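Trainee: Below is a structure I'd like to ask you about.
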Amino acid sequence: MRIKHGDIVIPGDILGTIEEWELGENVYEFNGEIISLITGYIYIDRSERKISVKKVKNKPLIPKKGDIIKAIVNNVRSDFAQLGIFEVNGEEIYGKRFSSILHIINARHNRSETLHDLIKAGDIIEARVLNSIVPYQLTIKEPELGVILALCVDCRSPLRRIGKNQLFCKKCGLIGKRRVSINYIFG
Ligand SMILES: [Zn+2]
């Protein structure tokens with residue numbers, strides 16, 4: 001995601017490169033990349049081409065260990081998936097999606113399942129955060145965690161739950177398999 005003035009960042013976030021920006025406050029450079037040292041808001045001084053991170057009095061909403069989050073699945077590989085967190089403990093985050101990882105060991109209940117059987121790109125999941133740094137590690141191994149909304153891979157209609165871990169598209173008849181949360185939206 002392209003960084004812009006006012007975005008929330010956390011320590012370790014990459015803000016750009018030294019070709020683009022001069023170093024301002026609360027940032028450092030490593031291998032040509034400019035990285036935030038603190039949690040705060042991006043402050044861009046266009047006249048000096050300088051990028052800083054400003055501290056904020058009211059702490060911005062950032063995920064931490066133990067939090068329940070909502071995230072969109074960006075892509076799924078055989079052993080892990082990449083997701084973007086957009087809600088923390090029921091509160092929506094503005095201006096940023098925190099990158100997070102779901103490893104298969106934190107998703108499957110038996111060894112025959114692959115991650116593709118449990119979640120798909122575009123799904124919305126509810127998960128618990130396992131650590132307090134980026135990339136966040138997630139788990140869905142609790143009954144109220146897992147997919148809460150999935151769209152049909154063929155026609156993009158919202159799928160309805162028809163059984164434990166089974167979803168159905170009313171429009172085209174497709175049956176989808178997921179690790180479905182007990183909080184799935186279309187029951
Ligand atoms: Zn469909």
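Each chain in the structure tokens gets a letter, A, B and so on, in the order shown; residues start at 1 in every chain, and ligands are counted from 1 in the order they appear.
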Could you give me, as a list in words, every polymer residue with an atom at most 9 Å away from an atom of ligand 1, counting only C-alpha atoms and all ligand atoms?
Mentor: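 The residues within 9 Å of ligand 1, counting only C-alpha atoms and all ligand atoms, are Leu151, Cys152, Val153, Asp154, Cys155, Arg156, Ser157, Pro158, Leu159, Phe168, Cys169, Lys170, Lys171, Cys172, Gly173, Leu174 and Ile175 of chain A.
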Trainee: Write the residues of the selection above to a file with N, CA and C atoms, as a compact mmCIF listing (two decimals), in the first residue's frame.
Mentor:
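Below you can see out-v2.txt, which holds the result:
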# COMPACT_ATOMS: atom_id res chain seq x y z
N LEU A 151 -17.56 -15.35 -0.53
CA LEU A 151 -18.29 -15.16 -1.78
C LEU A 151 -18.04 -16.36 -2.69
N CYS A 152 -19.03 -16.63 -3.54
CA CYS A 152 -18.90 -17.72 -4.51
C CYS A 152 -17.73 -17.43 -5.45
N VAL A 153 -16.89 -18.43 -5.68
CA VAL A 153 -15.74 -18.22 -6.57
C VAL A 153 -16.17 -18.04 -8.02
N ASP A 154 -17.38 -18.51 -8.37
CA ASP A 154 -17.86 -18.37 -9.76
C ASP A 154 -18.62 -17.06 -9.99
N CYS A 155 -19.64 -16.77 -9.13
CA CYS A 155 -20.51 -15.63 -9.43
C CYS A 155 -20.41 -14.49 -8.42
N ARG A 156 -19.59 -14.64 -7.38
CA ARG A 156 -19.34 -13.60 -6.37
C ARG A 156 -20.55 -13.30 -5.48
N SER A 157 -21.59 -14.15 -5.49
CA SER A 157 -22.69 -13.97 -4.55
C SER A 157 -22.23 -14.43 -3.17
N PRO A 158 -22.78 -13.82 -2.10
CA PRO A 158 -22.45 -14.31 -0.76
C PRO A 158 -22.94 -15.75 -0.58
N LEU A 159 -22.10 -16.60 -0.01
CA LEU A 159 -22.47 -18.00 0.20
C LEU A 159 -23.25 -18.14 1.51
N PHE A 168 -23.01 -22.76 0.52
CA PHE A 168 -23.77 -23.04 -0.69
C PHE A 168 -24.11 -21.74 -1.41
N CYS A 169 -23.96 -21.73 -2.75
CA CYS A 169 -24.36 -20.58 -3.56
C CYS A 169 -25.75 -20.84 -4.13
N LYS A 170 -26.71 -20.00 -3.69
CA LYS A 170 -28.10 -20.12 -4.13
C LYS A 170 -28.22 -19.88 -5.63
N LYS A 171 -27.37 -19.01 -6.15
CA LYS A 171 -27.48 -18.56 -7.53
C LYS A 171 -27.01 -19.64 -8.51
N CYS A 172 -25.84 -20.23 -8.25
CA CYS A 172 -25.30 -21.16 -9.23
C CYS A 172 -25.16 -22.59 -8.70
N GLY A 173 -25.55 -22.81 -7.43
CA GLY A 173 -25.58 -24.16 -6.90
C GLY A 173 -24.24 -24.71 -6.42
N LEU A 174 -23.21 -23.87 -6.48
CA LEU A 174 -21.88 -24.34 -6.08
C LEU A 174 -21.82 -24.58 -4.57
N ILE A 175 -21.16 -25.68 -4.18
CA ILE A 175 -20.95 -25.96 -2.76
C ILE A 175 -19.49 -25.68 -2.44
Trainee: As a PyMOL selection string, please: every residue in chain A that DSSP puts in strand (DSSP E).
Mentor: chain A and resi 8-9+14-17+22-23+27-30+33-36+40-45+50-54+68-76+80-88+91-92+98-103+124-129+136-139+146-149+160-163+166-168+175-177
Trainee: What is the distance, in Å and to one decimal place, between atom CA of A:Leu37 and atom CA of A:Val9?
Mentor: 9.3 Å
Trainee: List every residue of stretch 15-78 of chain A that has an atom at most 9 Å from any atom of stretch 111-131 of chain A, and for each one report the closest atom pair and its distance in Å to one decimal, counting only C-alpha atoms, with rows sorted by chain and then by increasing residue number, as a Markdown table.
Mentor:
| residue | atom | partner | partner_atom | distance |
| --- | --- | --- | --- | --- |
| A:Pro63 | CA | A:Val129 | CA | 7.3 |
| A:Lys64 | CA | A:Asn131 | CA | 6.2 |
| A:Lys65 | CA | A:Asn131 | CA | 4.4 |
| A:Gly66 | CA | A:Val129 | CA | 5.3 |
| A:Asp67 | CA | A:Val129 | CA | 5.4 |
| A:Ile68 | CA | A:Arg128 | CA | 4.6 |
| A:Ile69 | CA | A:Ala127 | CA | 5.5 |
| A:Lys70 | CA | A:Glu126 | CA | 4.6 |
| A:Ala71 | CA | A:Ile125 | CA | 5.5 |
| A:Ile72 | CA | A:Ile124 | CA | 4.6 |
| A:Val73 | CA | A:Ala121 | CA | 4.9 |
| A:Asn74 | CA | A:Ala121 | CA | 5.3 |
| A:Asn75 | CA | A:Ala121 | CA | 5.0 |
| A:Val76 | CA | A:Ala121 | CA | 6.3 |
| A:Arg77 | CA | A:Leu115 | CA | 7.2 |
| A:Ser78 | CA | A:Leu115 | CA | 5.8 |
Trainee: Take the residues from that selection and put them in a file with C-alpha atoms, as a compact mmCIF listing (two decimals), in the first residue's frame.
Mentor:
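again-v7.txt written:
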# COMPACT_ATOMS: atom_id res chain seq x y z
CA PRO A 63 -3.66 -5.10 17.06
CA LYS A 64 -1.89 -6.80 19.96
CA LYS A 65 -1.57 -10.33 21.34
CA GLY A 66 -4.94 -11.81 22.35
CA ASP A 67 -7.09 -9.39 20.33
CA ILE A 68 -9.94 -10.64 18.13
CA ILE A 69 -9.66 -9.18 14.64
CA LYS A 70 -11.41 -9.26 11.31
CA ALA A 71 -9.28 -9.61 8.21
CA ILE A 72 -9.63 -10.12 4.47
CA VAL A 73 -7.72 -13.02 2.91
CA ASN A 74 -5.38 -11.63 0.24
CA ASN A 75 -3.84 -14.89 -0.94
CA VAL A 76 -3.57 -18.51 0.11
CA ARG A 77 -0.58 -20.83 -0.37
CA SER A 78 -0.29 -24.46 0.71
Trainee: Using only C-alpha atoms, determine which residues lie at most 7 Å from A:Ile38, disregarding the query and same-chain residues fewer than 2 positions distant; provide the list as a PyMOL selection string.
Mentor: chain A and resi 10-11+26+36+40
Trainee: Would you mind exporting N, CA and C atoms of the selected residues as a PDB file, in the first residue's frame?
Mentor:
ATOM      1  N   ILE A  10       3.325   1.584  12.361  1.00  0.00           N
ATOM      2  CA  ILE A  10       3.838   1.008  13.594  1.00  0.00           C
ATOM      3  C   ILE A  10       5.319   0.704  13.396  1.00  0.00           C
ATOM      4  N   PRO A  11       6.053   0.454  14.481  1.00  0.00           N
ATOM      5  CA  PRO A  11       7.498   0.212  14.336  1.00  0.00           C
ATOM      6  C   PRO A  11       7.765  -0.919  13.349  1.00  0.00           C
ATOM      7  N   ASN A  26      11.747  10.252  13.881  1.00  0.00           N
ATOM      8  CA  ASN A  26      11.244   8.926  14.267  1.00  0.00           C
ATOM      9  C   ASN A  26      11.254   7.898  13.132  1.00  0.00           C
ATOM     10  N   SER A  36       9.746   3.063  10.039  1.00  0.00           N
ATOM     11  CA  SER A  36       9.256   3.782  11.212  1.00  0.00           C
ATOM     12  C   SER A  36       9.829   3.193  12.499  1.00  0.00           C
ATOM     13  N   GLY A  40       2.620   5.875  15.147  1.00  0.00           N
ATOM     14  CA  GLY A  40       2.153   7.254  15.001  1.00  0.00           C
ATOM     15  C   GLY A  40       1.581   7.498  13.630  1.00  0.00           C
TER      16      GLY A  40
END
Trainee: Between atom CA of A:Tyr136 and atom CA of A:Val27, what is the spacing in Å?
Mentor: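 About the pair atom CA of A:Val27 and atom CA of A:Tyr136: they are 21.1 Å apart.
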Trainee: Pick out the residues sitting within 12 Å of A:Thr17, and hand them over as an mmCIF file with C-alpha atoms, in the first residue's frame; count only C-alpha atoms, and ignore anything fewer than 5 positions along from it in its own chain.
Mentor:
data_model
loop_
_atom_site.group_PDB
_atom_site.id
_atom_site.type_symbol
_atom_site.label_atom_id
_atom_site.label_comp_id
_atom_site.auth_asym_id
_atom_site.auth_seq_id
_atom_site.Cartn_x
_atom_site.Cartn_y
_atom_site.Cartn_z
ATOM 1 C CA ARG A 2 1.224 3.490 -0.912
ATOM 2 C CA ILE A 3 2.053 5.544 2.210
ATOM 3 C CA GLU A 22 14.763 12.743 3.213
ATOM 4 C CA LEU A 23 14.768 11.270 6.714
ATOM 5 C CA VAL A 27 12.404 7.086 11.153
ATOM 6 C CA TYR A 28 15.589 5.278 10.199
ATOM 7 C CA GLU A 29 17.147 3.871 7.077
ATOM 8 C CA PHE A 30 18.128 0.271 6.423
ATOM 9 C CA ASN A 31 19.274 -1.037 3.026
ATOM 10 C CA GLY A 32 17.899 2.078 1.356
ATOM 11 C CA GLU A 33 14.454 1.720 2.904
ATOM 12 C CA ILE A 34 12.944 4.188 5.357
ATOM 13 C CA ILE A 35 11.403 2.475 8.372
ATOM 14 C CA SER A 36 9.256 3.782 11.212
ATOM 15 C CA ARG A 49 10.669 16.004 0.542
ATOM 16 C CA LYS A 50 10.942 14.867 4.156
ATOM 17 C CA ILE A 51 9.012 12.002 5.772
#
Trainee: Find the residues around A:Asn106 up to 9 Å (only C-alpha atoms counted), leave out those fewer than 5 positions away in its own chain, and share them as a list of chain:residue names.
Mentor: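 Within the cut-off, the hits are A:Gln137, A:Leu138, A:Thr139, A:Ile140, A:Lys141.
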Trainee: Could you list, as a ChimeraX atom specification, every residue within 9 Å of A:Phe98, counting only C-alpha atoms and ignoring same-chain residues fewer than 2 positions away?
Mentor: /A:62-63,71,83-86,96,100,134-136
Trainee: Taking only C-alpha atoms into account, name the residue in A:Ile162, A:Ile8, A:Ile44, A:Ile93 that is nearest to A:Trp21.
Mentor: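 Among the listed residues, the smallest separation from A:Trp21 belongs to A:Ile44.
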Trainee: Between atom CA of A:Lys164 and atom CA of A:Ile182, measure the distance and give it in Å to one decimal.
Mentor: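 Straight-line distance from atom CA of A:Lys164 to atom CA of A:Ile182 works out to 8.8 Å.
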Trainee: Give the alpha helix (DSSP H) residues of chain A, as DSSP finds them on the backbone, and put them as a PyMOL selection string.
Mentor: chain A and resi 115-118
Trainee: Those same residues - N, CA and C atoms - I'd like them written as a PDB file, in the first residue's frame.
Mentor:
ATOM      1  N   LEU A 115      -4.645 -25.726   3.531  1.00  0.00           N
ATOM      2  CA  LEU A 115      -5.173 -24.396   3.810  1.00  0.00           C
ATOM      3  C   LEU A 115      -6.246 -24.012   2.784  1.00  0.00           C
ATOM      4  N   HIS A 116      -6.113 -24.529   1.543  1.00  0.00           N
ATOM      5  CA  HIS A 116      -7.111 -24.237   0.501  1.00  0.00           C
ATOM      6  C   HIS A 116      -8.485 -24.823   0.839  1.00  0.00           C
ATOM      7  N   ASP A 117      -8.554 -25.855   1.698  1.00  0.00           N
ATOM      8  CA  ASP A 117      -9.835 -26.421   2.143  1.00  0.00           C
ATOM      9  C   ASP A 117     -10.501 -25.524   3.187  1.00  0.00           C
ATOM     10  N   LEU A 118      -9.730 -24.616   3.801  1.00  0.00           N
ATOM     11  CA  LEU A 118     -10.212 -23.884   4.979  1.00  0.00           C
ATOM     12  C   LEU A 118     -10.579 -22.434   4.689  1.00  0.00           C
TER      13      LEU A 118
END
Trainee: With only C-alpha atoms as the atoms that count, which of A:Glu20, A:Glu87, A:Gln82, A:Glu142 lies nearest to A:Ser99?
Mentor: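 Smallest separation from A:Ser99 among the options: A:Gln82.
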